[in-house]
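Enquirer: Enclosed is the structure file protein.pdb (PDB, C-alpha atoms).
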ATOM      1  CA  MET A   1     -16.195 -73.195  18.725
ATOM      2  CA  ARG A   2     -15.881 -71.960  15.189
ATOM      3  CA  LYS A   3     -19.403 -70.487  15.442
ATOM      4  CA  TYR A   4     -18.386 -68.349  18.448
ATOM      5  CA  ALA A   5     -15.217 -67.162  16.729
ATOM      6  CA  ILE A   6     -17.130 -66.023  13.689
ATOM      7  CA  ALA A   7     -19.767 -64.350  15.846
ATOM      8  CA  ALA A   8     -17.090 -62.451  17.794
ATOM      9  CA  GLY A   9     -15.494 -61.325  14.556
ATOM     10  CA  LEU A  10     -18.799 -60.020  13.305
ATOM     11  CA  ALA A  11     -19.384 -58.136  16.564
ATOM     12  CA  ALA A  12     -15.944 -56.505  16.353
ATOM     13  CA  VAL A  13     -16.482 -55.426  12.783
ATOM     14  CA  ALA A  14     -19.907 -54.066  13.660
ATOM     15  CA  ALA A  15     -18.448 -52.058  16.550
ATOM     16  CA  VAL A  16     -15.798 -50.523  14.299
ATOM     17  CA  GLY A  17     -18.469 -49.687  11.804
ATOM     18  CA  ILE A  18     -20.604 -47.931  14.388
ATOM     19  CA  LEU A  19     -17.664 -45.934  15.781
ATOM     20  CA  GLY A  20     -16.539 -45.022  12.298
ATOM     21  CA  GLY A  21     -20.019 -43.889  11.451
ATOM     22  CA  ARG A  22     -20.146 -41.642  14.507
ATOM     23  CA  GLN A  23     -16.795 -39.999  13.633
ATOM     24  CA  LEU A  24     -17.963 -39.365  10.119
ATOM     25  CA  ALA A  25     -21.131 -37.788  11.410
ATOM     26  CA  LEU A  26     -19.093 -35.397  13.571
ATOM     27  CA  ALA A  27     -16.844 -34.502  10.688
ATOM     28  CA  GLY A  28     -19.875 -33.919   8.521
ATOM     29  CA  SER A  29     -21.317 -31.709  11.173
ATOM     30  CA  ASP A  30     -18.156 -29.575  11.248
ATOM     31  CA  ASN A  31     -18.207 -29.288   7.503
ATOM     32  CA  SER A  32     -21.748 -28.036   7.487
ATOM     33  CA  VAL A  33     -20.994 -25.083   9.779
ATOM     34  CA  PRO A  34     -20.271 -22.082   7.559
ATOM     35  CA  GLY A  35     -17.644 -19.544   8.576
ATOM     36  CA  HIS A  36     -19.093 -16.325   9.884
ATOM     37  CA  ALA A  37     -18.481 -13.356   7.630
ATOM     38  CA  PHE A  38     -15.785 -11.049   8.906
ATOM     39  CA  THR A  39     -15.648  -7.335   8.269
ATOM     40  CA  LEU A  40     -13.121  -4.979   6.743
ATOM     41  CA  SER A  41     -13.204  -1.303   7.566
ATOM     42  CA  GLY A  42     -11.077   1.794   7.283
ATOM     43  CA  SER A  43     -10.613   4.981   5.307
ATOM     44  CA  VAL A  44      -7.801   7.237   4.207
ATOM     45  CA  GLY A  45      -7.610  10.985   3.657
ATOM     46  CA  GLY A  46      -5.277  13.700   2.479
ATOM     47  CA  LEU A  47      -4.378  12.069  -0.813
ATOM     48  CA  VAL A  48      -2.265  14.216  -3.097
ATOM     49  CA  PRO A  49      -1.055  13.423  -6.618
ATOM     50  CA  GLY A  50       1.864  11.068  -6.902
ATOM     51  CA  ILE A  51       2.221  10.281  -3.207
ATOM     52  CA  ARG A  52       1.740   6.779  -1.746
ATOM     53  CA  THR A  53      -0.477   6.919   1.313
ATOM     54  CA  PRO A  54      -1.109   4.054   3.774
ATOM     55  CA  LEU A  55      -4.620   2.601   3.871
ATOM     56  CA  ARG A  56      -5.044   0.770   7.171
ATOM     57  CA  LEU A  57      -7.870  -1.747   7.185
ATOM     58  CA  THR A  58      -9.262  -3.266  10.345
ATOM     59  CA  VAL A  59     -10.195  -6.929   9.985
ATOM     60  CA  ALA A  60     -12.780  -7.916  12.601
ATOM     61  CA  ASN A  61     -13.633 -11.549  13.278
ATOM     62  CA  PRO A  62     -17.081 -12.039  14.888
ATOM     63  CA  ASP A  63     -16.599 -15.788  15.258
ATOM     64  CA  SER A  64     -15.093 -17.568  18.244
ATOM     65  CA  GLN A  65     -12.645 -19.448  16.019
ATOM     66  CA  PRO A  66      -9.465 -17.710  14.851
ATOM     67  CA  ILE A  67      -9.089 -17.141  11.120
ATOM     68  CA  ARG A  68      -6.175 -16.649   8.759
ATOM     69  CA  LEU A  69      -6.694 -13.872   6.223
ATOM     70  CA  THR A  70      -5.858 -15.159   2.735
ATOM     71  CA  SER A  71      -6.791 -12.171   0.604
ATOM     72  CA  ALA A  72      -8.130  -8.638   0.687
ATOM     73  CA  THR A  73      -8.911  -6.425  -2.265
ATOM     74  CA  VAL A  74     -10.174  -2.894  -2.663
ATOM     75  CA  THR A  75     -12.332  -1.519  -5.441
ATOM     76  CA  ALA A  76     -12.647   2.232  -5.844
ATOM     77  CA  GLY A  77     -15.703   3.927  -7.270
ATOM     78  CA  PRO A  78     -15.666   7.137  -9.309
ATOM     79  CA  VAL A  79     -16.454  10.580  -7.962
ATOM     80  CA  GLY A  80     -17.328  12.049 -11.342
ATOM     81  CA  SER A  81     -16.415  11.861 -14.992
ATOM     82  CA  ALA A  82     -13.554  14.302 -14.517
ATOM     83  CA  CYS A  83     -12.051  12.262 -11.689
ATOM     84  CA  PRO A  84     -12.410   8.564 -12.511
ATOM     85  CA  ALA A  85     -11.579   5.774 -10.099
ATOM     86  CA  GLY A  86      -8.785   4.658 -12.428
ATOM     87  CA  LEU A  87      -6.678   7.511 -11.078
ATOM     88  CA  LEU A  88      -6.302   5.561  -7.842
ATOM     89  CA  THR A  89      -3.827   2.703  -7.553
ATOM     90  CA  ILE A  90      -4.516   0.507  -4.538
ATOM     91  CA  THR A  91      -2.455  -2.484  -3.481
ATOM     92  CA  SER A  92      -4.054  -5.730  -2.318
ATOM     93  CA  PHE A  93      -3.288  -8.349   0.340
ATOM     94  CA  SER A  94      -2.498 -11.881  -0.786
ATOM     95  CA  GLY A  95      -1.885 -13.723   2.457
ATOM     96  CA  THR A  96       1.574 -12.530   3.404
ATOM     97  CA  PRO A  97       2.684 -11.630   5.918
ATOM     98  CA  GLU A  98       0.637 -14.282   7.690
ATOM     99  CA  THR A  99      -2.250 -12.540   9.387
ATOM    100  CA  ILE A 100      -4.223 -14.371  12.067
ATOM    101  CA  VAL A 101      -7.293 -12.781  13.573
ATOM    102  CA  ALA A 102      -8.160 -14.177  16.992
ATOM    103  CA  GLY A 103     -11.659 -15.359  17.765
ATOM    104  CA  ARG A 104     -13.841 -12.306  18.349
ATOM    105  CA  GLY A 105     -10.747 -10.212  17.801
ATOM    106  CA  GLN A 106      -9.429  -7.815  15.211
ATOM    107  CA  THR A 107      -6.203  -6.839  13.554
ATOM    108  CA  VAL A 108      -4.989  -4.228  11.098
ATOM    109  CA  ILE A 109      -3.438  -4.731   7.687
ATOM    110  CA  GLU A 110      -1.849  -1.976   5.669
ATOM    111  CA  LEU A 111      -2.327  -1.372   1.960
ATOM    112  CA  THR A 112      -1.289   1.716   0.015
ATOM    113  CA  VAL A 113      -3.243   4.144  -2.128
ATOM    114  CA  THR A 114      -1.667   6.382  -4.751
ATOM    115  CA  LEU A 115      -3.488   9.138  -6.574
ATOM    116  CA  SER A 116      -2.082   9.525 -10.077
ATOM    117  CA  ALA A 117       0.423  12.325 -10.526
ATOM    118  CA  GLN A 118      -1.713  13.342 -13.516
ATOM    119  CA  ALA A 119      -4.870  13.787 -11.432
ATOM    120  CA  PRO A 120      -6.685  16.964 -12.524
ATOM    121  CA  ASP A 121      -7.923  19.736 -10.241
ATOM    122  CA  ALA A 122     -11.346  18.066 -10.352
ATOM    123  CA  CYS A 123      -9.895  15.544  -7.926
ATOM    124  CA  LYS A 124      -9.212  18.112  -5.207
ATOM    125  CA  LYS A 125     -11.150  17.607  -2.004
ATOM    126  CA  VAL A 126     -13.201  14.645  -3.202
ATOM    127  CA  SER A 127     -13.962  11.295  -1.614
ATOM    128  CA  PHE A 128     -13.672   8.072  -3.586
ATOM    129  CA  PRO A 129     -15.990   5.308  -2.303
ATOM    130  CA  LEU A 130     -14.086   2.122  -1.544
ATOM    131  CA  THR A 131     -15.473  -1.406  -1.405
ATOM    132  CA  TYR A 132     -13.548  -4.104   0.416
ATOM    133  CA  ALA A 133     -13.638  -7.855  -0.133
ATOM    134  CA  GLY A 134     -11.639 -10.538   1.618
ATOM    135  CA  LYS A 135     -11.259 -14.261   2.152
ATOM    136  CA  ALA A 136     -10.084 -16.194   5.183
ATOM    137  CA  GLU A 137      -9.866 -19.734   6.397
ATOM    138  CA  GLN A 138     -10.301 -21.350   9.767
ATOM    139  CA  TRP A 139      -7.097 -21.377  11.772
ATOM    140  CA  HIS A 140      -6.227 -23.950  14.410
TER
ATOM    141  CA  MET B   1     -23.489 -75.819   4.260
ATOM    142  CA  LYS B   2     -23.699 -73.471   7.218
ATOM    143  CA  PHE B   3     -20.027 -72.576   6.891
ATOM    144  CA  ASN B   4     -20.419 -71.618   3.277
ATOM    145  CA  TYR B   5     -23.456 -69.488   4.108
ATOM    146  CA  ARG B   6     -21.651 -67.248   6.660
ATOM    147  CA  LYS B   7     -18.428 -66.607   4.788
ATOM    148  CA  PRO B   8     -19.795 -63.916   2.429
ATOM    149  CA  THR B   9     -21.459 -62.120   5.353
ATOM    150  CA  VAL B  10     -18.137 -61.629   7.166
ATOM    151  CA  ALA B  11     -16.468 -60.340   4.022
ATOM    152  CA  ALA B  12     -19.252 -57.822   3.440
ATOM    153  CA  ALA B  13     -19.077 -56.556   7.031
ATOM    154  CA  ILE B  14     -15.321 -56.028   6.815
ATOM    155  CA  VAL B  15     -15.630 -54.131   3.566
ATOM    156  CA  GLY B  16     -18.309 -51.973   5.135
ATOM    157  CA  GLY B  17     -16.094 -51.224   8.129
ATOM    158  CA  VAL B  18     -13.141 -50.224   5.969
ATOM    159  CA  LEU B  19     -15.254 -47.843   3.933
ATOM    160  CA  VAL B  20     -16.622 -46.148   7.023
ATOM    161  CA  VAL B  21     -13.186 -45.685   8.579
ATOM    162  CA  SER B  22     -11.730 -44.250   5.410
ATOM    163  CA  GLY B  23     -14.612 -41.783   5.331
ATOM    164  CA  THR B  24     -13.444 -40.138   8.549
ATOM    165  CA  ALA B  25     -10.190 -39.137   6.875
ATOM    166  CA  ALA B  26     -11.909 -36.088   5.394
ATOM    167  CA  PHE B  27     -10.599 -32.974   7.243
ATOM    168  CA  ALA B  28     -13.140 -30.498   8.395
ATOM    169  CA  TYR B  29     -12.453 -26.808   7.885
ATOM    170  CA  TRP B  30     -14.304 -23.858   6.506
ATOM    171  CA  THR B  31     -13.613 -20.587   4.788
ATOM    172  CA  ALA B  32     -15.154 -17.211   5.383
ATOM    173  CA  ASN B  33     -15.703 -14.154   3.273
ATOM    174  CA  GLY B  34     -15.253 -10.602   4.417
ATOM    175  CA  SER B  35     -16.597  -7.338   3.131
ATOM    176  CA  GLY B  36     -16.781  -3.678   4.023
ATOM    177  CA  SER B  37     -16.537  -0.181   2.712
ATOM    178  CA  GLY B  38     -14.671   3.054   3.267
ATOM    179  CA  THR B  39     -13.488   6.173   1.523
ATOM    180  CA  ALA B  40     -10.310   7.633   0.077
ATOM    181  CA  GLY B  41     -10.368  11.398   0.416
ATOM    182  CA  THR B  42      -8.109  13.768  -1.429
ATOM    183  CA  ALA B  43      -6.523  16.912  -0.045
ATOM    184  CA  ALA B  44      -8.066  20.266  -0.823
ATOM    185  CA  ALA B  45      -4.677  21.586  -1.867
ATOM    186  CA  SER B  46      -1.048  21.254  -1.030
ATOM    187  CA  THR B  47       1.113  23.931   0.526
ATOM    188  CA  PRO B  48       3.771  25.272  -1.847
ATOM    189  CA  LEU B  49       7.385  24.628  -0.950
ATOM    190  CA  THR B  50       9.306  27.574   0.411
ATOM    191  CA  ILE B  51      12.773  28.296  -0.943
ATOM    192  CA  THR B  52      15.058  30.622   0.927
ATOM    193  CA  GLN B  53      18.579  31.615  -0.071
ATOM    194  CA  ASP B  54      21.075  32.214   2.678
ATOM    195  CA  THR B  55      22.588  35.680   2.933
ATOM    196  CA  PHE B  56      25.068  36.166   0.124
ATOM    197  CA  SER B  57      28.540  36.361   1.623
ATOM    198  CA  GLY B  58      30.627  36.352  -1.552
ATOM    199  CA  THR B  59      32.471  39.147  -3.262
ATOM    200  CA  ALA B  60      31.306  41.285  -6.186
ATOM    201  CA  LEU B  61      30.987  39.492  -9.473
ATOM    202  CA  THR B  62      33.324  40.533 -12.269
ATOM    203  CA  PRO B  63      33.715  39.284 -15.850
ATOM    204  CA  GLY B  64      35.655  36.019 -15.633
ATOM    205  CA  GLY B  65      36.049  36.447 -11.889
ATOM    206  CA  ALA B  66      35.817  33.684  -9.333
ATOM    207  CA  ALA B  67      32.434  31.998  -8.929
ATOM    208  CA  GLN B  68      30.812  32.968  -5.660
ATOM    209  CA  PRO B  69      29.022  30.506  -3.410
ATOM    210  CA  VAL B  70      25.295  30.503  -2.818
ATOM    211  CA  SER B  71      23.263  28.272  -0.562
ATOM    212  CA  GLY B  72      19.730  27.918   0.711
ATOM    213  CA  THR B  73      16.935  25.745   1.990
ATOM    214  CA  VAL B  74      13.790  24.179   0.558
ATOM    215  CA  THR B  75      11.092  23.814   3.227
ATOM    216  CA  ASN B  76       8.097  21.515   3.017
ATOM    217  CA  ALA B  77       5.156  22.337   5.294
ATOM    218  CA  ASN B  78       3.037  19.493   3.985
ATOM    219  CA  THR B  79       2.352  16.254   5.785
ATOM    220  CA  PHE B  80       3.855  14.249   2.954
ATOM    221  CA  ASN B  81       7.129  13.905   1.092
ATOM    222  CA  VAL B  82       7.411  16.091  -2.008
ATOM    223  CA  PRO B  83       9.676  15.191  -4.923
ATOM    224  CA  PHE B  84      10.859  18.094  -7.081
ATOM    225  CA  VAL B  85      13.429  19.396  -9.526
ATOM    226  CA  LEU B  86      15.286  22.486  -8.343
ATOM    227  CA  THR B  87      16.496  25.047 -10.861
ATOM    228  CA  ALA B  88      18.016  28.520 -10.526
ATOM    229  CA  ALA B  89      18.304  31.500 -12.870
ATOM    230  CA  ALA B  90      19.802  34.984 -12.624
ATOM    231  CA  THR B  91      18.093  38.298 -13.381
ATOM    232  CA  VAL B  92      19.494  41.843 -13.358
ATOM    233  CA  ASP B  93      17.845  44.870 -11.763
ATOM    234  CA  SER B  94      15.869  47.081 -14.118
ATOM    235  CA  SER B  95      18.122  50.121 -13.732
ATOM    236  CA  HIS B  96      20.849  48.196 -15.551
ATOM    237  CA  SER B  97      18.753  47.179 -18.519
ATOM    238  CA  THR B  98      21.648  46.681 -20.925
ATOM    239  CA  CYS B  99      23.378  44.296 -18.565
ATOM    240  CA  GLN B 100      22.201  40.944 -19.737
ATOM    241  CA  ALA B 101      21.147  38.222 -17.335
ATOM    242  CA  SER B 102      22.566  35.626 -19.685
ATOM    243  CA  TRP B 103      26.061  36.869 -18.746
ATOM    244  CA  TYR B 104      25.558  35.265 -15.358
ATOM    245  CA  THR B 105      25.528  31.559 -14.649
ATOM    246  CA  VAL B 106      24.087  29.848 -11.590
ATOM    247  CA  THR B 107      25.186  26.261 -10.978
ATOM    248  CA  LEU B 108      23.639  24.059  -8.301
ATOM    249  CA  SER B 109      25.764  21.260  -6.835
ATOM    250  CA  SER B 110      23.776  18.002  -6.652
ATOM    251  CA  PRO B 111      20.583  19.735  -5.598
ATOM    252  CA  PRO B 112      18.071  17.767  -3.494
ATOM    253  CA  THR B 113      15.305  16.008  -5.383
ATOM    254  CA  SER B 114      12.795  15.633  -2.567
ATOM    255  CA  VAL B 115      11.976  16.951   0.848
ATOM    256  CA  ALA B 116      10.347  14.945   3.598
ATOM    257  CA  ALA B 117       7.077  15.851   5.271
ATOM    258  CA  ASN B 118       7.402  18.857   7.562
ATOM    259  CA  ASN B 119      11.098  19.015   6.869
ATOM    260  CA  HIS B 120      13.654  20.888   4.823
ATOM    261  CA  ALA B 121      16.442  20.157   2.367
ATOM    262  CA  ASP B 122      19.541  22.289   1.892
ATOM    263  CA  PHE B 123      21.296  23.150  -1.348
ATOM    264  CA  THR B 124      24.505  24.821  -2.437
ATOM    265  CA  GLY B 125      25.819  26.246  -5.675
ATOM    266  CA  THR B 126      27.744  29.076  -7.285
ATOM    267  CA  VAL B 127      27.060  32.167  -9.332
ATOM    268  CA  ALA B 128      29.570  33.580 -11.805
ATOM    269  CA  MET B 129      29.825  36.243 -14.495
ATOM    270  CA  THR B 130      31.044  35.199 -17.898
ATOM    271  CA  ASN B 131      33.810  37.224 -19.571
ATOM    272  CA  LEU B 132      32.851  37.974 -23.145
ATOM    273  CA  ALA B 133      35.733  38.835 -25.460
ATOM    274  CA  ASN B 134      35.290  42.015 -27.489
ATOM    275  CA  THR B 135      32.176  42.934 -25.507
ATOM    276  CA  ASN B 136      31.974  45.916 -23.215
ATOM    277  CA  GLN B 137      30.288  44.730 -20.022
ATOM    278  CA  ASP B 138      30.532  48.001 -18.152
ATOM    279  CA  ALA B 139      26.722  48.131 -18.073
ATOM    280  CA  CYS B 140      26.851  45.629 -15.286
ATOM    281  CA  LYS B 141      28.918  47.749 -12.950
ATOM    282  CA  GLY B 142      26.965  48.255  -9.741
ATOM    283  CA  ALA B 143      24.138  46.003 -10.929
ATOM    284  CA  THR B 144      22.230  43.816  -8.536
ATOM    285  CA  VAL B 145      21.907  40.228  -9.654
ATOM    286  CA  THR B 146      18.974  38.299  -8.268
ATOM    287  CA  VAL B 147      18.944  34.540  -8.287
ATOM    288  CA  THR B 148      15.490  33.010  -8.567
ATOM    289  CA  TYR B 149      14.997  29.408  -7.481
ATOM    290  CA  THR B 150      12.194  27.211  -8.703
ATOM    291  CA  ALA B 151      11.113  23.791  -7.415
ATOM    292  CA  THR B 152       8.984  21.945  -9.931
ATOM    293  CA  SER B 153       7.121  18.857  -8.838
ATOM    294  CA  SER B 154       8.520  15.686 -10.402
TER
END
Now that the file is in, can you turn its structure into structure tokens?
Expert:
Amino acid sequence: MRKYAIAAGLAAVAAVGILGGRQLALAGSDNSVPGHAFTLSGSVGGLVPGIRTPLRLTVANPDSQPIRLTSATVTAGPVGSACPAGLLTITSFSGTPETIVAGRGQTVIELTVTLSAQAPDACKKVSFPLTYAGKAEQWH
Amino acid sequence: MKFNYRKPTVAAAIVGGVLVVSGTAAFAYWTANGSGSGTAGTAAASTPLTITQDTFSGTALTPGGAAQPVSGTVTNANTFNVPFVLTAAATVDSSHSTCQASWYTVTLSSPPTSVAANNHADFTGTVAMTNLANTNQDACKGATVTVTYTATSS
């Protein structure tokens, strides 16, 4: 009788171990799937010295899972020595307001760009190149 | 002897089961990076503000006489708000060259400091002639005083 009890206990423990192992494997599988890179796009025009101008960026999510945008930054490049990129002040996005991008969807966030009030005439009718970078996390 | 042989086996199996179960507590989620590019273009030029004074409806200016009202409008044809500082100064027509402009004072009452895109801002003020003791100001009789307004970007 005691032999059967011990054998049953072993079988139960073995079953739990097998189930637990399967769950872990699934979790590991989820962890190994990298998030697809999303894209940021948008431009702004008509900048004049000292005036804040909206920069609307479209965040496009190519993945089927929704994502929550946690940050977005913009880096401006120069257009010449007489009109350096430092004359532009561009805000960044740090996660608020909460921005969810649906799976295979897109949304728009708004930053602002200000050309320095001290910008010289060399900055008339020029185009600063902008580079966007962002981070997001999976959203359930 | 058999009983003592199996006891450690059960303990090892239970420990193994606990470890496996605790392993599933790890939460699976991932992060993603985004990138892109664009441009920030500047305007070729801005359109100057237009300042227009309303038709003067006051009476002739006399030394020490009552200040006469002036008013006008600053118009912005640009697609953006323009901040500025509004000033006004008087000049006298050239045929009355000995009548000094400094004898006239233009005062603006809380002038606007900005004008919205494609909009206008109104202003009011007064112009007066100062009475100078022991100074003959007859040279200003019949003179035309022009008030010039200037909006300087701020």
Enquirer: Quick one: residues within 8 Å of B:Leu61, all atoms listed in the file, excluding same-chain residues fewer than 5 positions away - as a list of chain:residue names?
Expert: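 Once the nearby chain positions are removed, what remains is B:Ala66, B:Ala67, B:Gln68, B:Ala128, B:Met129.
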Enquirer: I need the residue set behind the PyMOL selection byres ((chain B and resi 71-84) around 7) for this file; please write it as number ranges by chain.
Expert: B: 46-47, 49-54, 69-70, 85-86, 113-125, 151-154
Enquirer: Write the residues of the selection above to a file with C-alpha atoms, as a compact mmCIF listing (two decimals), in the coordinates of the input.
Expert:
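Below is the file that was written, part-v8.txt:
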# COMPACT_ATOMS: atom_id res chain seq x y z
CA SER B 46 -1.05 21.25 -1.03
CA THR B 47 1.11 23.93 0.53
CA LEU B 49 7.38 24.63 -0.95
CA THR B 50 9.31 27.57 0.41
CA ILE B 51 12.77 28.30 -0.94
CA THR B 52 15.06 30.62 0.93
CA GLN B 53 18.58 31.62 -0.07
CA ASP B 54 21.08 32.21 2.68
CA PRO B 69 29.02 30.51 -3.41
CA VAL B 70 25.30 30.50 -2.82
CA VAL B 85 13.43 19.40 -9.53
CA LEU B 86 15.29 22.49 -8.34
CA THR B 113 15.30 16.01 -5.38
CA SER B 114 12.80 15.63 -2.57
CA VAL B 115 11.98 16.95 0.85
CA ALA B 116 10.35 14.94 3.60
CA ALA B 117 7.08 15.85 5.27
CA ASN B 118 7.40 18.86 7.56
CA ASN B 119 11.10 19.02 6.87
CA HIS B 120 13.65 20.89 4.82
CA ALA B 121 16.44 20.16 2.37
CA ASP B 122 19.54 22.29 1.89
CA PHE B 123 21.30 23.15 -1.35
CA THR B 124 24.50 24.82 -2.44
CA GLY B 125 25.82 26.25 -5.68
CA ALA B 151 11.11 23.79 -7.42
CA THR B 152 8.98 21.94 -9.93
CA SER B 153 7.12 18.86 -8.84
CA SER B 154 8.52 15.69 -10.40
Enquirer: Which residues of stretch 33-62 of chain B come within 10 Å of stretch 109-131 of chain A, and what is each one's closest atom pair and distance in Å (one decimal), counting only C-alpha atoms, sorted by chain and residue number, as CSV?
Expert:
residue,atom,partner,partner_atom,distance
B:Ser35,CA,A:Thr131,CA,7.6
B:Gly36,CA,A:Thr131,CA,6.0
B:Ser37,CA,A:Thr131,CA,4.4
B:Gly38,CA,A:Leu130,CA,4.9
B:Thr39,CA,A:Pro129,CA,4.7
B:Ala40,CA,A:Phe128,CA,5.0
B:Gly41,CA,A:Ser127,CA,4.1
B:Thr42,CA,A:Lys125,CA,4.9
B:Ala43,CA,A:Lys125,CA,5.1
B:Ala44,CA,A:Lys125,CA,4.2
B:Ala45,CA,A:Lys124,CA,6.6
B:Ser46,CA,A:Lys124,CA,9.7
Enquirer: Generate a file of the selected residues that holds C-alpha atoms, formatted as a tab-separated table (two decimals), in the coordinates of the input.
Expert:
chain	number	residue	atom	x	y	z
B	35	SER	CA	-16.60	-7.34	3.13
B	36	GLY	CA	-16.78	-3.68	4.02
B	37	SER	CA	-16.54	-0.18	2.71
B	38	GLY	CA	-14.67	3.05	3.27
B	39	THR	CA	-13.49	6.17	1.52
B	40	ALA	CA	-10.31	7.63	0.08
B	41	GLY	CA	-10.37	11.40	0.42
B	42	THR	CA	-8.11	13.77	-1.43
B	43	ALA	CA	-6.52	16.91	-0.04
B	44	ALA	CA	-8.07	20.27	-0.82
B	45	ALA	CA	-4.68	21.59	-1.87
B	46	SER	CA	-1.05	21.25	-1.03
Enquirer: Give me the residues near B:Gly142 as a VMD selection string, where near means some atom within 9 Å (using all atoms listed in the file) and where sequence neighbours in that chain fewer than 2 positions away do not count.
Expert: chain B and resid 60 96 139 to 140 144
Enquirer: Considering all atoms listed in the file, state which residue in the set A:Ile100, A:Ala72, A:Ala82, A:Ala133 is at the smallest distance from chain B.
Expert: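 Closest candidate: A:Ala133.
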Enquirer: Go ahead and compute the interatomic distance for atom CA of A:Thr73 and atom CA of A:Thr107, in Å to one decimal.
Expert: 16.1 Å
Enquirer: May I ask for the distance between atom CA of A:Ala136 and atom CA of A:Thr89, given in Å to one decimal place?
Expert: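 These two atoms are separated by 23.6 Å.
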